[in-house]
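Colleague: What follows is coords.csv, CSV, C-alpha atoms.
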```
chain,number,residue,atom,x,y,z
A,1,MET,CA,17.1,13.1,30.0
A,2,SER,CA,18.5,16.6,29.8
A,3,ASP,CA,21.6,18.0,31.6
A,4,GLN,CA,19.4,20.6,33.2
A,5,LEU,CA,17.1,17.9,34.7
A,6,ILE,CA,20.0,15.9,35.9
A,7,ASN,CA,21.5,19.0,37.6
A,8,TYR,CA,18.1,19.8,39.2
A,9,LEU,CA,17.7,16.3,40.5
A,10,ASN,CA,21.2,16.2,42.0
A,11,GLU,CA,20.9,19.6,43.5
A,12,SER,CA,17.5,18.7,45.0
A,13,LEU,CA,19.2,15.6,46.6
A,14,GLY,CA,22.0,17.8,47.9
A,15,SER,CA,24.8,16.0,46.0
A,16,LYS,CA,26.5,16.0,42.6
A,17,ASN,CA,28.7,13.1,43.5
A,18,ILE,CA,28.3,9.4,42.7
A,19,SER,CA,26.0,8.6,45.6
A,20,LYS,CA,22.8,6.6,46.1
A,21,GLY,CA,19.8,8.3,44.5
A,22,SER,CA,21.9,10.6,42.2
A,23,PHE,CA,21.9,10.9,38.4
A,24,ILE,CA,25.2,11.4,36.5
A,25,LYS,CA,26.1,11.7,32.9
A,26,ALA,CA,28.9,9.3,31.8
A,27,SER,CA,30.1,9.5,28.2
A,28,GLY,CA,26.8,11.1,27.2
A,29,ILE,CA,24.7,8.4,28.8
A,30,ASP,CA,22.4,9.1,31.7
A,31,VAL,CA,23.1,6.9,34.7
A,32,TYR,CA,21.1,6.5,37.9
A,33,ILE,CA,22.9,5.3,41.1
A,34,ALA,CA,20.2,3.1,42.7
A,35,ASP,CA,22.1,1.7,45.7
A,36,GLU,CA,25.3,2.1,47.7
A,37,LYS,CA,27.1,-0.8,46.0
A,38,ALA,CA,27.0,1.1,42.7
A,39,GLN,CA,29.5,3.6,44.2
A,40,ASN,CA,32.1,0.9,44.0
A,41,VAL,CA,31.5,0.3,40.3
A,42,ASP,CA,34.0,2.0,37.9
A,43,ILE,CA,31.1,3.8,36.2
A,44,TYR,CA,33.1,6.2,34.0
A,45,THR,CA,35.4,3.5,32.6
A,46,ILE,CA,32.3,1.3,31.9
A,47,PHE,CA,30.5,3.9,29.9
A,48,ASP,CA,33.6,5.2,28.2
A,49,THR,CA,34.0,1.6,27.0
A,50,VAL,CA,30.4,1.2,25.9
A,51,SER,CA,30.5,4.5,24.0
A,52,SER,CA,33.6,3.5,22.2
A,53,LEU,CA,32.0,0.2,21.0
A,54,ILE,CA,28.4,1.1,20.2
A,55,PRO,CA,27.6,3.9,17.7
A,56,TYR,CA,25.6,6.7,19.3
A,57,TYR,CA,22.6,6.3,17.0
A,58,LEU,CA,22.1,2.8,18.4
A,59,MET,CA,21.8,4.1,22.0
A,60,SER,CA,18.7,6.3,21.5
A,61,GLU,CA,16.0,3.7,22.5
A,62,PHE,CA,16.4,3.9,26.3
A,63,ASP,CA,16.1,6.8,28.7
A,64,TYR,CA,18.9,5.9,31.2
A,65,VAL,CA,20.8,3.1,32.8
A,66,SER,CA,20.1,2.3,36.5
A,67,ILE,CA,22.8,0.6,38.5
A,68,GLY,CA,21.7,-1.3,41.5
A,69,HIS,CA,19.6,-4.1,42.8
A,70,ILE,CA,16.0,-4.8,41.8
A,71,PRO,CA,13.9,-7.8,42.9
A,72,GLU,CA,13.7,-9.2,39.4
A,73,PHE,CA,17.4,-10.0,39.4
A,74,GLU,CA,16.8,-12.6,42.2
A,75,GLU,CA,13.4,-13.8,40.9
A,76,ARG,CA,14.7,-14.5,37.4
A,77,GLN,CA,18.4,-15.2,38.3
A,78,ILE,CA,19.7,-12.5,35.9
A,79,ASN,CA,22.1,-9.6,36.1
A,80,ALA,CA,20.4,-7.1,33.8
A,81,LEU,CA,17.1,-6.4,32.1
A,82,THR,CA,15.3,-3.6,30.2
A,83,LYS,CA,11.9,-2.4,31.3
A,84,ASP,CA,9.9,0.7,30.5
A,85,GLY,CA,12.7,2.4,28.6
A,86,VAL,CA,15.3,1.8,31.4
A,87,ILE,CA,18.3,-0.5,31.3
A,88,TYR,CA,18.8,-2.0,34.8
A,89,ILE,CA,22.1,-3.7,35.7
A,90,THR,CA,23.2,-5.1,39.0
A,91,SER,CA,25.9,-3.3,41.0
A,92,ASP,CA,27.4,-6.7,41.8
A,93,GLN,CA,29.8,-6.7,38.8
A,94,ASP,CA,32.9,-8.9,38.5
A,95,ASP,CA,34.8,-6.2,36.6
A,96,VAL,CA,34.4,-3.5,33.9
A,97,GLU,CA,34.1,-6.1,31.2
A,98,ASP,CA,31.3,-7.9,32.9
A,99,ALA,CA,29.3,-4.7,33.2
A,100,VAL,CA,30.0,-3.7,29.6
A,101,ASP,CA,28.7,-7.1,28.4
A,102,ASP,CA,25.5,-6.6,30.3
A,103,ILE,CA,24.8,-3.1,29.0
A,104,ILE,CA,25.5,-4.0,25.4
A,105,HIS,CA,23.3,-7.0,25.7
A,106,GLU,CA,20.4,-4.8,27.0
A,107,ILE,CA,21.0,-2.2,24.3
A,108,ALA,CA,20.2,-5.0,21.8
A,109,HIS,CA,16.9,-5.5,23.5
A,110,THR,CA,16.1,-1.8,23.4
A,111,LEU,CA,16.5,-1.9,19.6
A,112,GLU,CA,13.8,-4.6,19.1
A,113,GLY,CA,11.1,-1.9,19.5
A,114,LYS,CA,12.5,0.3,16.7
A,115,TYR,CA,13.8,-2.4,14.4
A,116,GLY,CA,11.6,-5.3,15.3
A,117,TYR,CA,10.2,-5.5,11.7
A,118,GLU,CA,13.7,-5.6,10.2
A,119,ILE,CA,14.9,-8.2,12.7
A,120,TYR,CA,12.0,-10.6,12.8
A,121,ALA,CA,9.4,-10.0,10.1
A,122,ASP,CA,10.9,-12.0,7.2
A,123,GLY,CA,11.3,-15.1,9.4
A,124,ASN,CA,14.9,-15.7,8.5
A,125,LEU,CA,16.2,-15.2,12.0
A,126,GLU,CA,13.6,-17.6,13.4
A,127,ARG,CA,14.4,-20.2,10.8
A,128,GLU,CA,18.1,-20.0,11.6
A,129,PHE,CA,17.4,-20.1,15.3
A,130,LEU,CA,15.1,-23.1,15.2
A,131,SER,CA,17.4,-25.0,12.8
A,132,LYS,CA,20.1,-24.6,15.5
A,133,ARG,CA,17.7,-25.7,18.2
A,134,GLU,CA,16.9,-28.8,16.1
A,135,ALA,CA,20.6,-29.6,15.7
A,136,LEU,CA,21.2,-29.2,19.4
A,137,TYR,CA,18.2,-31.5,20.1
A,138,ASN,CA,19.9,-34.2,18.0
A,139,ILE,CA,23.2,-33.7,19.7
A,140,LEU,CA,21.7,-33.9,23.2
A,141,THR,CA,19.7,-37.0,22.4
A,142,SER,CA,22.8,-38.7,20.9
A,143,HIS,CA,24.5,-38.1,24.3
A,144,GLY,CA,21.6,-39.9,26.0
A,145,ILE,CA,20.0,-36.7,27.4
A,146,GLN,CA,16.2,-37.0,27.4
A,147,CYS,CA,14.6,-33.9,25.8
A,148,ASP,CA,11.1,-32.6,25.2
A,149,ARG,CA,11.1,-31.9,21.5
A,150,HIS,CA,8.2,-29.5,21.8
A,151,LEU,CA,10.2,-27.2,24.0
A,152,PHE,CA,12.9,-26.9,21.3
A,153,ALA,CA,10.3,-25.9,18.7
A,154,ASN,CA,9.1,-22.9,20.6
A,155,PRO,CA,11.2,-19.8,19.8
A,156,GLU,CA,9.9,-17.7,22.6
A,157,TYR,CA,11.2,-17.8,26.2
A,158,SER,CA,10.0,-20.7,28.4
A,159,LYS,CA,10.9,-20.9,32.0
A,160,GLU,CA,10.6,-24.7,31.8
A,161,PHE,CA,13.1,-24.8,28.9
A,162,ASP,CA,15.4,-22.3,30.6
A,163,ASN,CA,15.5,-24.5,33.8
A,164,PHE,CA,16.2,-27.6,31.6
A,165,LEU,CA,19.2,-25.9,30.0
A,166,TYR,CA,20.5,-24.2,33.2
A,167,GLU,CA,19.8,-26.8,35.9
A,168,ASP,CA,19.4,-30.2,34.2
A,169,ILE,CA,22.2,-29.9,31.6
A,170,GLY,CA,24.2,-27.0,33.0
A,171,TYR,CA,25.8,-24.1,31.0
A,172,PRO,CA,29.4,-25.5,31.3
A,173,ARG,CA,28.3,-28.7,29.6
A,174,LEU,CA,26.2,-26.8,27.1
A,175,VAL,CA,29.3,-24.7,26.0
A,176,ASN,CA,30.8,-27.9,24.6
A,177,LEU,CA,27.6,-29.5,23.2
A,178,SER,CA,26.5,-26.3,21.4
A,179,MET,CA,29.9,-25.3,20.0
A,180,GLY,CA,29.6,-24.0,16.5
A,181,LEU,CA,25.8,-23.5,16.8
A,182,PHE,CA,25.3,-20.8,19.4
A,183,MET,CA,27.6,-18.0,20.6
A,184,THR,CA,26.7,-18.7,24.2
A,185,PRO,CA,24.4,-21.1,26.1
A,186,TYR,CA,22.2,-18.2,27.1
A,187,GLY,CA,21.5,-17.5,23.4
A,188,ILE,CA,19.7,-20.9,23.3
A,189,THR,CA,17.0,-19.9,25.6
A,190,SER,CA,14.9,-17.8,23.2
A,191,ILE,CA,15.0,-16.1,19.8
A,192,ARG,CA,15.3,-12.7,21.6
A,193,GLU,CA,18.3,-13.8,23.6
A,194,TYR,CA,19.8,-15.3,20.4
A,195,TRP,CA,19.5,-11.9,18.8
A,196,ALA,CA,20.9,-10.0,21.9
A,197,GLU,CA,23.8,-12.4,22.3
A,198,GLY,CA,24.7,-12.0,18.6
A,199,PHE,CA,24.5,-8.2,18.9
A,200,GLU,CA,26.7,-8.3,22.0
A,201,ASN,CA,29.4,-10.5,20.3
A,202,TYR,CA,29.3,-8.4,17.2
A,203,PHE,CA,30.2,-5.3,19.1
A,204,LEU,CA,32.7,-7.1,21.3
A,205,GLU,CA,34.8,-7.7,18.2
A,206,GLN,CA,33.7,-11.3,17.5
A,207,LYS,CA,32.4,-10.4,14.1
A,208,ALA,CA,34.2,-13.1,12.2
A,209,ILE,CA,33.0,-15.9,14.5
A,210,LEU,CA,29.4,-14.5,14.5
A,211,LYS,CA,29.3,-14.3,10.7
A,212,LYS,CA,30.5,-17.9,10.5
A,213,PHE,CA,28.2,-19.4,13.2
A,214,CYS,CA,25.1,-17.1,13.0
A,215,PRO,CA,25.1,-15.5,9.5
A,216,VAL,CA,21.5,-14.2,9.7
A,217,VAL,CA,22.1,-12.4,13.0
A,218,PHE,CA,25.3,-10.9,11.5
A,219,THR,CA,23.5,-9.7,8.4
A,220,LYS,CA,20.6,-8.1,10.5
A,221,ILE,CA,23.1,-6.2,12.6
A,222,GLU,CA,25.0,-5.0,9.5
A,223,GLU,CA,21.7,-3.8,7.9
A,224,ILE,CA,20.6,-1.9,11.0
A,225,ALA,CA,24.0,-0.3,11.4
A,226,GLN,CA,24.1,0.8,7.7
A,227,ASN,CA,20.6,2.2,7.8
A,228,ASP,CA,21.7,4.8,10.3
```
Would you write the structure of this file as C-alpha cells?
Modeller:
Amino acid sequence: MSDQLINYLNESLGSKNISKGSFIKASGIDVYIADEKAQNVDIYTIFDTVSSLIPYYLMSEFDYVSIGHIPEFEERQINALTKDGVIYITSDQDDVEDAVDDIIHEIAHTLEGKYGYEIYADGNLEREFLSKREALYNILTSHGIQCDRHLFANPEYSKEFDNFLYEDIGYPRLVNLSMGLFMTPYGITSIREYWAEGFENYFLEQKAILKKFCPVVFTKIEEIAQND
C-alpha cells in the first residue's frame, strides 16, 4: 500500500493518529488499526523489532497487518492468522514480545505461496515432520495415553487432532513429552505450523536449537534467505 493511499485514507477519516479505522506506516510496514484496543498496543516498538529481525525481502508477500479482533480468533482459539494477503493479529497482546512472535509466525505463512515448491515439493520436510509425529506417538503410548495412529500420519491440519493435543493432553504436558522433537507443541498440529514455528524460532535467535532438532526446516529457511 502506498504512502499516498495511506495519507488519503487517514485524511478521509479525519485523523492521522493511531485511532480505530486508521492506517499507519510503522518501520515501512502498513498497519491497520481495527479496534480501540489496538491503540493500547506499542505498535511502533513492535514493528521496529520485527523489521530488525526479518529481512525486508521476506516481508513482500502480504499487503498489511491488521491489529484488532476478528471472529475467527474466538472460533479457532487463535491469536493471529493470514487471509487474503492480510496478517491479522489480536489487540489483546501480553507484551511486545508476544505480538512480535505472532507477526513473525504469520510472515512464515505468507511465504508459503511464493516458496511453496522450495519448502514442500521434495518431501523432505514432510518426512522429517511425520518421523517426529511417529516418535511422539510412541512416547505418548509408552505413557499410557491412548492415541489414534491414523491422526498422527496425516500431515495436514485436523481439528480432531488439534483438540486431542490441546484438550486431552494439554500443551504444558506436551512441552515435556515432545522435548527434542518439536520446537513448540503448536508445531505438532500440522506440517504448515511445523514450518511456521521453525521460521519463528529461526528469526528469534534460536538457530542452533532449530538446526539440532529440526534440520530440514533449518536448511529450507537458509536456502530461501540465501536465494534473495
Colleague: Any idea what the distance is between atom CA of Asp30 of chain A and atom CA of Glu112 of chain A?
Modeller: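 Distance reported for this atom pair: 20.5 Å.
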Colleague: Residues around (22.0, -3.5, 32.4), cut-off 10 Å, counting all atoms listed in the file - what are they as a list in words?
Modeller: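 Output of the proximity query reads Tyr64, Val65, Ser66, Ile67, Gly68, Ile78, Asn79, Ala80, Leu81, Thr82, Val86, Ile87, Tyr88, Ile89, Thr90, Ser91, Ala99, Val100, Asp101, Asp102, Ile103, Ile104, His105, Glu106 and Ile107 of chain A.
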Colleague: Can you tell me, as a list of chain:residue names, what residues are no more than 9 Å from Leu130 of chain A when counting all atoms listed in the file, ignoring any on the same chain fewer than 2 positions away?
Modeller: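 Contacts, with the query itself left out: A:Leu125, A:Glu126, A:Arg127, A:Glu128, A:Lys132, A:Arg133, A:Glu134, A:Ala135, A:Phe152, A:Ala153, A:Asn154, A:Pro155, A:Ile191.
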Colleague: Out of A:Phe73, A:Gly116, A:Leu174, A:Ala108, which residue has the shortest atom-to-atom distance to Asn201 of chain A when counting all atoms listed in the file?
Modeller: A:Ala108
Colleague: Kindly indicate which residue among A:Glu97, A:Glu74, A:Thr110, A:Ser27 lies nearest to Phe62 of chain A, using all atoms listed in the file for the distances.
Modeller: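 Closest candidate: A:Thr110.
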Colleague: List the neighbours of segment 144-150 of chain A out to 9 Å using all atoms listed in the file; skip same-chain residues closer than 3 positions along the sequence, and give me the result as number ranges by chain.
Modeller: A: 134, 137, 139-141, 153-154, 161, 164, 169
Colleague: Which one is closest to His143 of chain A: A:Ile18, A:Thr49, A:Ile209, A:Leu177? Count all atoms listed in the file.
Modeller: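 Checking each of A:Ile18, A:Thr49, A:Ile209, A:Leu177 against His143 of chain A, counting all atoms listed in the file, the winner is A:Leu177.
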Colleague: Between A:Tyr57, A:Tyr194, A:Phe203, A:Phe213, which has the minimum distance to Gln226 of chain A (counting only C-alpha atoms)?
Modeller: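 Of A:Tyr57, A:Tyr194, A:Phe203, A:Phe213, the one nearest Gln226 of chain A is A:Tyr57, counting only C-alpha atoms.
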Colleague: From the list A:Ile24, A:Pro55, A:Tyr186, A:Ala38, which residue is nearest Gly170 of chain A when using all atoms listed in the file?
Modeller: A:Tyr186
Colleague: So how many Å separate atom CA of Ser142 of chain A and atom CA of Pro172 of chain A, to one decimal?
Modeller: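 About the pair atom CA of Ser142 of chain A and atom CA of Pro172 of chain A: they are 18.1 Å apart.
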Colleague: Between atom CA of His69 of chain A and atom CA of Lys37 of chain A, what is the distance, to one decimal in Å?
Modeller: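 If I compute the distance from atom CA of His69 of chain A to atom CA of Lys37 of chain A, I get 8.8 Å.
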Colleague: If we count only C-alpha atoms and set the cut-off at 9 Å, which residues sit around Gly198 of chain A, ignoring sequence neighbours fewer than 5 positions away in its own chain? Please answer as an MDAnalysis selection string.
Modeller: chainID A and resid 105 108 182:184 187 193 203 210 214 217:218 221
Colleague: Restricted to C-alpha atoms, what would the selected residues look like written as an mmCIF file, in the frame of the given file?
Modeller:
```
data_model
loop_
_atom_site.group_PDB
_atom_site.id
_atom_site.type_symbol
_atom_site.label_atom_id
_atom_site.label_comp_id
_atom_site.auth_asym_id
_atom_site.auth_seq_id
_atom_site.Cartn_x
_atom_site.Cartn_y
_atom_site.Cartn_z
ATOM 1 C CA HIS A 105 23.300 -7.000 25.700
ATOM 2 C CA ALA A 108 20.200 -5.000 21.800
ATOM 3 C CA PHE A 182 25.300 -20.800 19.400
ATOM 4 C CA MET A 183 27.600 -18.000 20.600
ATOM 5 C CA THR A 184 26.700 -18.700 24.200
ATOM 6 C CA GLY A 187 21.500 -17.500 23.400
ATOM 7 C CA GLU A 193 18.300 -13.800 23.600
ATOM 8 C CA PHE A 203 30.200 -5.300 19.100
ATOM 9 C CA LEU A 210 29.400 -14.500 14.500
ATOM 10 C CA CYS A 214 25.100 -17.100 13.000
ATOM 11 C CA VAL A 217 22.100 -12.400 13.000
ATOM 12 C CA PHE A 218 25.300 -10.900 11.500
ATOM 13 C CA ILE A 221 23.100 -6.200 12.600
#
```
